[in-house]
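Shown next: start_7.pdb, containing PDB, C-alpha atoms, pLDDT in the B column.
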```pdb
ATOM      1  CA  MET A 273       0.000   0.000   0.000  1.00 50.00           C
ATOM      2  CA  SER A 274       1.100   3.582  -0.553  1.00 59.00           C
ATOM      3  CA  GLU A 275       2.234   6.207   1.941  1.00 75.00           C
ATOM      4  CA  MET A 276      -1.358   7.312   2.216  1.00 80.00           C
ATOM      5  CA  TRP A 277      -2.118   4.181   4.238  1.00 90.00           C
ATOM      6  CA  THR A 278       0.828   4.649   6.638  1.00 90.00           C
ATOM      7  CA  GLY A 279       0.774   7.203   9.436  1.00 87.00           C
ATOM      8  CA  GLU A 280       3.111   8.055  12.274  1.00 90.00           C
ATOM      9  CA  GLU A 281       1.941   5.224  14.542  1.00 89.00           C
ATOM     10  CA  VAL A 282      -0.096   2.791  12.396  1.00 91.00           C
ATOM     11  CA  ARG A 283      -0.460   1.484   8.888  1.00 92.00           C
ATOM     12  CA  LEU A 284      -3.501  -0.004   7.205  1.00 94.00           C
ATOM     13  CA  ARG A 285      -3.330  -3.190   5.175  1.00 92.00           C
ATOM     14  CA  GLY A 286      -5.573  -5.944   3.909  1.00 89.00           C
ATOM     15  CA  VAL A 287      -6.689  -8.763   6.199  1.00 85.00           C
ATOM     16  CA  GLY A 288      -4.715 -11.961   5.696  1.00 83.00           C
ATOM     17  CA  PRO A 289      -5.355 -15.523   6.887  1.00 79.00           C
ATOM     18  CA  GLU A 290      -2.370 -15.315   9.249  1.00 78.00           C
ATOM     19  CA  ASP A 291      -4.038 -12.444  11.106  1.00 77.00           C
ATOM     20  CA  TRP A 292      -6.603 -14.649  12.824  1.00 69.00           C
ATOM     21  CA  LYS A 293      -4.301 -15.704  15.669  1.00 66.00           C
ATOM     22  CA  GLY A 294      -3.413 -12.162  16.657  1.00 62.00           C
ATOM     23  CA  PHE A 295      -6.635 -10.421  15.763  1.00 61.00           C
ATOM     24  CA  PRO A 296      -8.236  -8.760  18.819  1.00 55.00           C
ATOM     25  CA  TRP A 297     -11.934  -9.210  18.055  1.00 52.00           C
ATOM     26  CA  PRO A 298     -13.465 -11.816  20.398  1.00 46.00           C
ATOM     27  CA  GLY A 299     -15.892 -10.315  22.875  1.00 46.00           C
ATOM     28  CA  GLY A 300     -16.208  -6.965  21.104  1.00 44.00           C
ATOM     29  CA  PRO A 301     -19.504  -5.242  20.306  1.00 44.00           C
ATOM     30  CA  GLU A 302     -19.538  -6.653  16.748  1.00 44.00           C
ATOM     31  CA  HIS A 303     -19.973 -10.128  18.212  1.00 44.00           C
ATOM     32  CA  ARG A 304     -23.166  -9.091  19.903  1.00 44.00           C
ATOM     33  CA  ARG A 305     -24.544  -8.368  16.444  1.00 46.00           C
ATOM     34  CA  CYS A 306     -23.348 -11.647  14.887  1.00 46.00           C
ATOM     35  CA  PRO A 307     -26.018 -14.293  15.462  1.00 41.00           C
ATOM     36  CA  GLN A 308     -23.770 -17.284  14.829  1.00 39.00           C
ATOM     37  CA  ARG A 309     -21.369 -16.175  17.606  1.00 39.00           C
ATOM     38  CA  ARG A 310     -22.635 -17.705  20.829  1.00 39.00           C
ATOM     39  CA  PRO A 311     -20.898 -17.960  24.221  1.00 41.00           C
ATOM     40  CA  GLY A 312     -19.051 -21.246  24.517  1.00 40.00           C
ATOM     41  CA  ARG A 313     -18.991 -21.786  20.746  1.00 39.00           C
ATOM     42  CA  ALA A 314     -15.580 -21.849  19.121  1.00 40.00           C
ATOM     43  CA  ALA A 315     -14.902 -18.946  16.784  1.00 45.00           C
ATOM     44  CA  THR A 316     -13.571 -19.612  13.309  1.00 46.00           C
ATOM     45  CA  LEU A 317     -11.916 -17.214  10.922  1.00 44.00           C
ATOM     46  CA  GLY A 318     -14.489 -17.950   8.224  1.00 48.00           C
ATOM     47  CA  GLY A 319     -17.431 -17.455  10.571  1.00 51.00           C
ATOM     48  CA  GLU A 320     -16.126 -14.223  12.036  1.00 50.00           C
ATOM     49  CA  LEU A 321     -15.163 -12.735   8.666  1.00 52.00           C
ATOM     50  CA  SER A 322     -18.445 -13.707   7.019  1.00 53.00           C
ATOM     51  CA  CYS A 323     -20.382 -12.068   9.859  1.00 54.00           C
ATOM     52  CA  LEU A 324     -18.330  -8.871   9.654  1.00 49.00           C
ATOM     53  CA  ASP A 325     -18.678  -8.914   5.872  1.00 51.00           C
ATOM     54  CA  ARG A 326     -22.466  -9.103   6.150  1.00 52.00           C
ATOM     55  CA  ARG A 327     -22.470  -6.301   8.729  1.00 48.00           C
ATOM     56  CA  ALA A 328     -20.299  -4.176   6.448  1.00 44.00           C
ATOM     57  CA  GLY A 329     -22.542  -4.818   3.438  1.00 45.00           C
ATOM     58  CA  ARG A 330     -19.672  -6.487   1.572  1.00 44.00           C
ATOM     59  CA  THR A 331     -22.082  -8.750  -0.243  1.00 43.00           C
ATOM     60  CA  SER A 332     -23.907  -5.755  -1.698  1.00 46.00           C
ATOM     61  CA  ALA A 333     -23.748  -4.987  -5.398  1.00 46.00           C
ATOM     62  CA  GLY A 334     -20.663  -3.201  -6.634  1.00 55.00           C
ATOM     63  CA  GLY A 335     -18.167  -4.567  -4.089  1.00 64.00           C
ATOM     64  CA  GLU A 336     -17.524  -1.093  -2.646  1.00 79.00           C
ATOM     65  CA  ALA A 337     -17.214  -2.221   0.980  1.00 87.00           C
ATOM     66  CA  PHE A 338     -13.858  -3.209   2.439  1.00 89.00           C
ATOM     67  CA  ARG A 339     -12.088  -4.048   5.687  1.00 88.00           C
ATOM     68  CA  LEU A 340      -8.464  -3.308   6.608  1.00 91.00           C
ATOM     69  CA  VAL A 341      -6.210  -4.259   9.505  1.00 90.00           C
ATOM     70  CA  ILE A 342      -4.830  -1.504  11.722  1.00 92.00           C
ATOM     71  CA  GLU A 343      -1.227  -2.467  12.444  1.00 90.00           C
ATOM     72  CA  ALA A 344       0.998  -0.656  14.975  1.00 87.00           C
ATOM     73  CA  LEU A 345       4.267   0.361  13.332  1.00 89.00           C
ATOM     74  CA  ALA A 346       6.354   0.034  16.514  1.00 86.00           C
ATOM     75  CA  ASP A 347       5.851  -3.700  17.000  1.00 86.00           C
ATOM     76  CA  ARG A 348       3.666  -4.713  14.015  1.00 85.00           C
ATOM     77  CA  ALA A 349       0.939  -5.753  16.491  1.00 83.00           C
ATOM     78  CA  LEU A 350      -2.628  -5.835  15.241  1.00 86.00           C
ATOM     79  CA  ALA A 351      -4.681  -3.044  16.763  1.00 86.00           C
ATOM     80  CA  GLY A 352      -8.038  -4.027  15.221  1.00 87.00           C
ATOM     81  CA  PRO A 353     -10.083  -3.620  12.035  1.00 89.00           C
ATOM     82  CA  VAL A 354     -11.382  -0.564  10.212  1.00 91.00           C
ATOM     83  CA  THR A 355     -14.317  -1.138   7.873  1.00 89.00           C
ATOM     84  CA  VAL A 356     -16.233   0.696   5.181  1.00 92.00           C
ATOM     85  CA  GLY A 357     -19.655  -0.725   4.514  1.00 90.00           C
ATOM     86  CA  GLU A 358     -23.373  -0.275   4.115  1.00 90.00           C
ATOM     87  CA  VAL A 359     -22.520   1.560   0.924  1.00 89.00           C
ATOM     88  CA  GLY A 360     -25.294   3.451  -0.862  1.00 88.00           C
ATOM     89  CA  ARG A 361     -23.791   4.341  -4.244  1.00 87.00           C
ATOM     90  CA  ARG A 362     -26.859   6.191  -5.546  1.00 89.00           C
ATOM     91  CA  ALA A 363     -26.874   8.611  -2.602  1.00 91.00           C
ATOM     92  CA  GLY A 364     -23.078   8.571  -2.194  1.00 93.00           C
ATOM     93  CA  ARG A 365     -23.334   7.409   1.396  1.00 94.00           C
ATOM     94  CA  PHE A 366     -21.273   4.894   3.383  1.00 94.00           C
ATOM     95  CA  ARG A 367     -20.620   3.852   6.967  1.00 94.00           C
ATOM     96  CA  THR A 368     -17.303   3.258   8.661  1.00 92.00           C
ATOM     97  CA  GLY A 369     -16.163   1.875  11.964  1.00 90.00           C
ATOM     98  CA  THR A 370     -13.129   0.769  13.933  1.00 88.00           C
ATOM     99  CA  GLY A 371     -12.791  -2.007  16.478  1.00 84.00           C
ATOM    100  CA  ILE A 372     -10.006  -1.270  18.928  1.00 82.00           C
ATOM    101  CA  PRO A 373      -9.848  -3.564  21.990  1.00 79.00           C
ATOM    102  CA  HIS A 374      -9.804  -2.008  25.472  1.00 76.00           C
ATOM    103  CA  GLY A 375      -6.074  -2.559  26.073  1.00 74.00           C
ATOM    104  CA  LEU A 376      -5.119  -0.593  22.937  1.00 75.00           C
ATOM    105  CA  ARG A 377      -7.555   2.308  23.196  1.00 81.00           C
ATOM    106  CA  ARG A 378      -6.585   5.943  23.759  1.00 81.00           C
ATOM    107  CA  ARG A 379      -3.307   5.552  21.844  1.00 80.00           C
ATOM    108  CA  GLY A 380      -4.480   7.316  18.689  1.00 81.00           C
ATOM    109  CA  CYS A 381      -4.766   4.145  16.567  1.00 86.00           C
ATOM    110  CA  ALA A 382      -8.413   4.645  15.623  1.00 87.00           C
ATOM    111  CA  ALA A 383      -8.038   8.358  14.870  1.00 88.00           C
ATOM    112  CA  GLU A 384      -4.955   7.810  12.734  1.00 91.00           C
ATOM    113  CA  ALA A 385      -6.560   4.866  10.910  1.00 91.00           C
ATOM    114  CA  THR A 386      -9.804   6.724  10.186  1.00 91.00           C
ATOM    115  CA  GLU A 387      -8.241   9.668   8.367  1.00 91.00           C
ATOM    116  CA  PRO A 388      -6.814   7.827   5.309  1.00 92.00           C
ATOM    117  CA  VAL A 389     -10.006   5.792   4.957  1.00 93.00           C
ATOM    118  CA  LEU A 390     -12.168   8.929   4.897  1.00 93.00           C
ATOM    119  CA  THR A 391      -9.756  10.654   2.514  1.00 91.00           C
ATOM    120  CA  HIS A 392      -9.779   7.658   0.164  1.00 91.00           C
ATOM    121  CA  VAL A 393     -13.538   7.221   0.064  1.00 93.00           C
ATOM    122  CA  PHE A 394     -14.290  10.941  -0.279  1.00 93.00           C
ATOM    123  CA  THR A 395     -11.569  11.807  -2.812  1.00 90.00           C
ATOM    124  CA  GLU A 396     -11.014   8.597  -4.789  1.00 90.00           C
ATOM    125  CA  ARG A 397     -14.455   7.009  -4.717  1.00 91.00           C
ATOM    126  CA  LEU A 398     -16.250  10.379  -4.695  1.00 92.00           C
ATOM    127  CA  TYR A 399     -18.767   9.574  -1.977  1.00 94.00           C
ATOM    128  CA  ASN A 400     -20.687  12.447  -0.424  1.00 95.00           C
ATOM    129  CA  LYS A 401     -21.372  11.390   3.179  1.00 97.00           C
ATOM    130  CA  CYS A 402     -20.047   9.111   5.891  1.00 95.00           C
ATOM    131  CA  GLU A 403     -22.198   7.907   8.769  1.00 95.00           C
ATOM    132  CA  VAL A 404     -21.238   6.177  12.002  1.00 94.00           C
ATOM    133  CA  GLU A 405     -23.223   4.601  14.815  1.00 93.00           C
ATOM    134  CA  VAL A 406     -21.817   4.557  18.342  1.00 92.00           C
ATOM    135  CA  TYR A 407     -23.249   3.402  21.644  1.00 92.00           C
ATOM    136  CA  ALA A 408     -24.508   6.347  23.685  1.00 91.00           C
ATOM    137  CA  PHE A 409     -22.867   5.046  26.886  1.00 91.00           C
ATOM    138  CA  ASN A 410     -19.438   5.082  25.221  1.00 86.00           C
ATOM    139  CA  ASP A 411     -18.272   8.688  25.652  1.00 84.00           C
ATOM    140  CA  SER A 412     -14.941   8.193  23.872  1.00 85.00           C
ATOM    141  CA  SER A 413     -16.404   7.038  20.529  1.00 86.00           C
ATOM    142  CA  PRO A 414     -18.473  10.177  19.811  1.00 85.00           C
ATOM    143  CA  ALA A 415     -15.482  12.283  20.880  1.00 85.00           C
ATOM    144  CA  LEU A 416     -13.245  10.344  18.481  1.00 85.00           C
ATOM    145  CA  CYS A 417     -15.719  10.935  15.643  1.00 88.00           C
ATOM    146  CA  ARG A 418     -16.060  14.641  16.326  1.00 88.00           C
ATOM    147  CA  GLY A 419     -12.286  15.074  15.852  1.00 85.00           C
ATOM    148  CA  PRO A 420     -12.460  14.679  12.045  1.00 87.00           C
ATOM    149  CA  GLY A 421     -15.623  16.803  11.942  1.00 90.00           C
ATOM    150  CA  PHE A 422     -18.549  14.394  12.413  1.00 94.00           C
ATOM    151  CA  VAL A 423     -21.670  16.040  13.813  1.00 95.00           C
ATOM    152  CA  ASP A 424     -24.535  14.508  15.778  1.00 94.00           C
ATOM    153  CA  GLU A 425     -27.488  13.611  13.581  1.00 96.00           C
ATOM    154  CA  GLY A 426     -29.731  11.756  15.968  1.00 96.00           C
ATOM    155  CA  ARG A 427     -30.274   9.078  18.560  1.00 95.00           C
ATOM    156  CA  LEU A 428     -31.917   5.686  18.184  1.00 95.00           C
ATOM    157  CA  ARG A 429     -33.441   5.027  21.578  1.00 96.00           C
ATOM    158  CA  ARG A 430     -33.243   1.514  23.049  1.00 96.00           C
ATOM    159  CA  HIS A 431     -31.875   0.320  19.709  1.00 94.00           C
ATOM    160  CA  GLU A 432     -29.513  -2.500  20.763  1.00 93.00           C
ATOM    161  CA  PHE A 433     -29.962  -5.207  23.381  1.00 93.00           C
ATOM    162  CA  PHE A 434     -26.984  -6.823  25.093  1.00 90.00           C
ATOM    163  CA  THR A 435     -25.706  -7.490  28.629  1.00 90.00           C
ATOM    164  CA  GLY A 436     -29.311  -7.745  29.732  1.00 92.00           C
ATOM    165  CA  ALA A 437     -30.339  -4.210  28.822  1.00 94.00           C
ATOM    166  CA  TYR A 438     -31.358  -1.974  25.936  1.00 95.00           C
ATOM    167  CA  HIS A 439     -28.912   0.705  24.805  1.00 95.00           C
ATOM    168  CA  ASP A 440     -29.233   3.889  22.751  1.00 95.00           C
ATOM    169  CA  VAL A 441     -27.198   4.415  19.585  1.00 94.00           C
ATOM    170  CA  VAL A 442     -25.959   7.873  18.536  1.00 94.00           C
ATOM    171  CA  LEU A 443     -25.797   8.628  14.798  1.00 95.00           C
ATOM    172  CA  LEU A 444     -23.063  10.954  13.529  1.00 95.00           C
ATOM    173  CA  GLY A 445     -22.382  12.169  10.000  1.00 96.00           C
ATOM    174  CA  LEU A 446     -19.624  13.830   7.995  1.00 96.00           C
ATOM    175  CA  THR A 447     -19.997  15.225   4.480  1.00 96.00           C
ATOM    176  CA  ALA A 448     -17.243  15.274   1.868  1.00 95.00           C
ATOM    177  CA  ALA A 449     -17.288  19.079   1.958  1.00 94.00           C
ATOM    178  CA  GLY A 450     -16.922  19.072   5.742  1.00 93.00           C
ATOM    179  CA  HIS A 451     -13.999  16.668   5.492  1.00 93.00           C
ATOM    180  CA  ARG A 452     -12.349  18.673   2.716  1.00 90.00           C
ATOM    181  CA  ASP A 453     -12.670  21.927   4.665  1.00 88.00           C
ATOM    182  CA  GLY A 454     -11.041  20.504   7.780  1.00 75.00           C
ATOM    183  CA  HIS A 455      -8.291  18.243   6.460  1.00 69.00           C
ATOM    184  CA  ARG A 456      -5.183  18.323   4.350  1.00 64.00           C
ATOM    185  CA  ARG A 457      -4.904  16.431   1.085  1.00 62.00           C
ATOM    186  CA  PRO A 458      -2.584  13.410   0.905  1.00 57.00           C
ATOM    187  CA  PRO A 459       0.713  13.925  -0.943  1.00 61.00           C
ATOM    188  CA  VAL A 460       0.709  13.064  -4.644  1.00 61.00           C
ATOM    189  CA  ARG A 461       3.763  11.177  -5.876  1.00 59.00           C
TER     190      ARG A 461
END
```
Rewrite the structure from the file as structure tokens, please.
Amino acid sequence: MSEMWTGEEVRLRGVGPEDWKGFPWPGGPEHRRCPQRRPGRAATLGGELSCLDRRAGRTSAGGEAFRLVIEALADRALAGPVTVGEVGRRAGRFRTGTGIPHGLRRRGCAAEATEPVLTHVFTERLYNKCEVEVYAFNDSSPALCRGPGFVDEGRLRRHEFFTGAYHDVVLLGLTAAGHRDGHRRPPVR
């Protein structure tokens, strides 16, 4: 991948079969949304990837969705996935998300990984709007999204059920114009 996909602390790359052993996904919020993932049931690479692919809309027409690995440059450790999915080509809309495990949070991995993805989708694929959903109880996720310029667009009350309770989801959005106004362009070489 080009320099665009490498930052000061992390680089983004495609997911490979060897990543399964070191990938920090079990127990994360995505698993609560994957019906085939049940407590006590062994996880498999194929099962986990197919569930994330369905969540990301990878099976949708056009093949516009993708998932990358966030890799720490210092030790080449896997910091989690970043996805682009639920792509609506007609309206120029897509969703993105990162999955950083608790032990690796607040190190800047998600923020640094999000920027090249947004730049790529807005400038190379010419999409108009990015949307994200975050749990309302998770104060750090909305704050992370507001850094690149996302704004609150609404709240889905009692939208998700896990850990024995219903939880609200906050919707945030960023337009291509908003991203362009607040961010530098990647170098052209």
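The residue that comes closest to Val354 (chain A), out of A:Cys402, A:Arg285, A:Arg397, A:Asp411 and on the basis of only C-alpha atoms, is A:Arg285.
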**OP:** Tell me which residues the PyMOL selection byres ((chain A and resi 282) around 9) grabs here, as a PyMOL selection string.
**Re:** chain A and resi 277-281+283-284+342-346+348+351+380-381+384-385
**OP:** Just say which residues the PyMOL selection byres ((chain A and resi 449-452) around 10) picks in this file, as a ChimeraX atom specification.
**Re:** /A:387,390-391,394-395,400-402,420-423,445-448,453-457
Original post:
Leaving out Cys417 (chain A) and any residue of its chain fewer than 4 positions from it, which residues lie within 10 Å of it when counting all atoms listed in the file, given as an MDAnalysis selection string?
Top reply: chainID A and resid 369 382:383 386 403:406 412:413 421:424 444:446
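Restricting the calculation to only C-alpha atoms, the smallest distance between Leu428 (chain A) and any of A:Val356, A:Ala363, A:Val441, A:Ala415 is found for A:Val441.
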Original post:
Using all atoms listed in the file, which residue out of A:Ala337, A:Asn410, A:Pro353, A:His431 lies closest to Phe366 (chain A)?
Top reply: A:Ala337
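In this comparison, which uses all atoms listed in the file, the residue of A:Ile372, A:Val359, A:Ala437, A:Val287 approaching Tyr399 (chain A) most closely is A:Val359.
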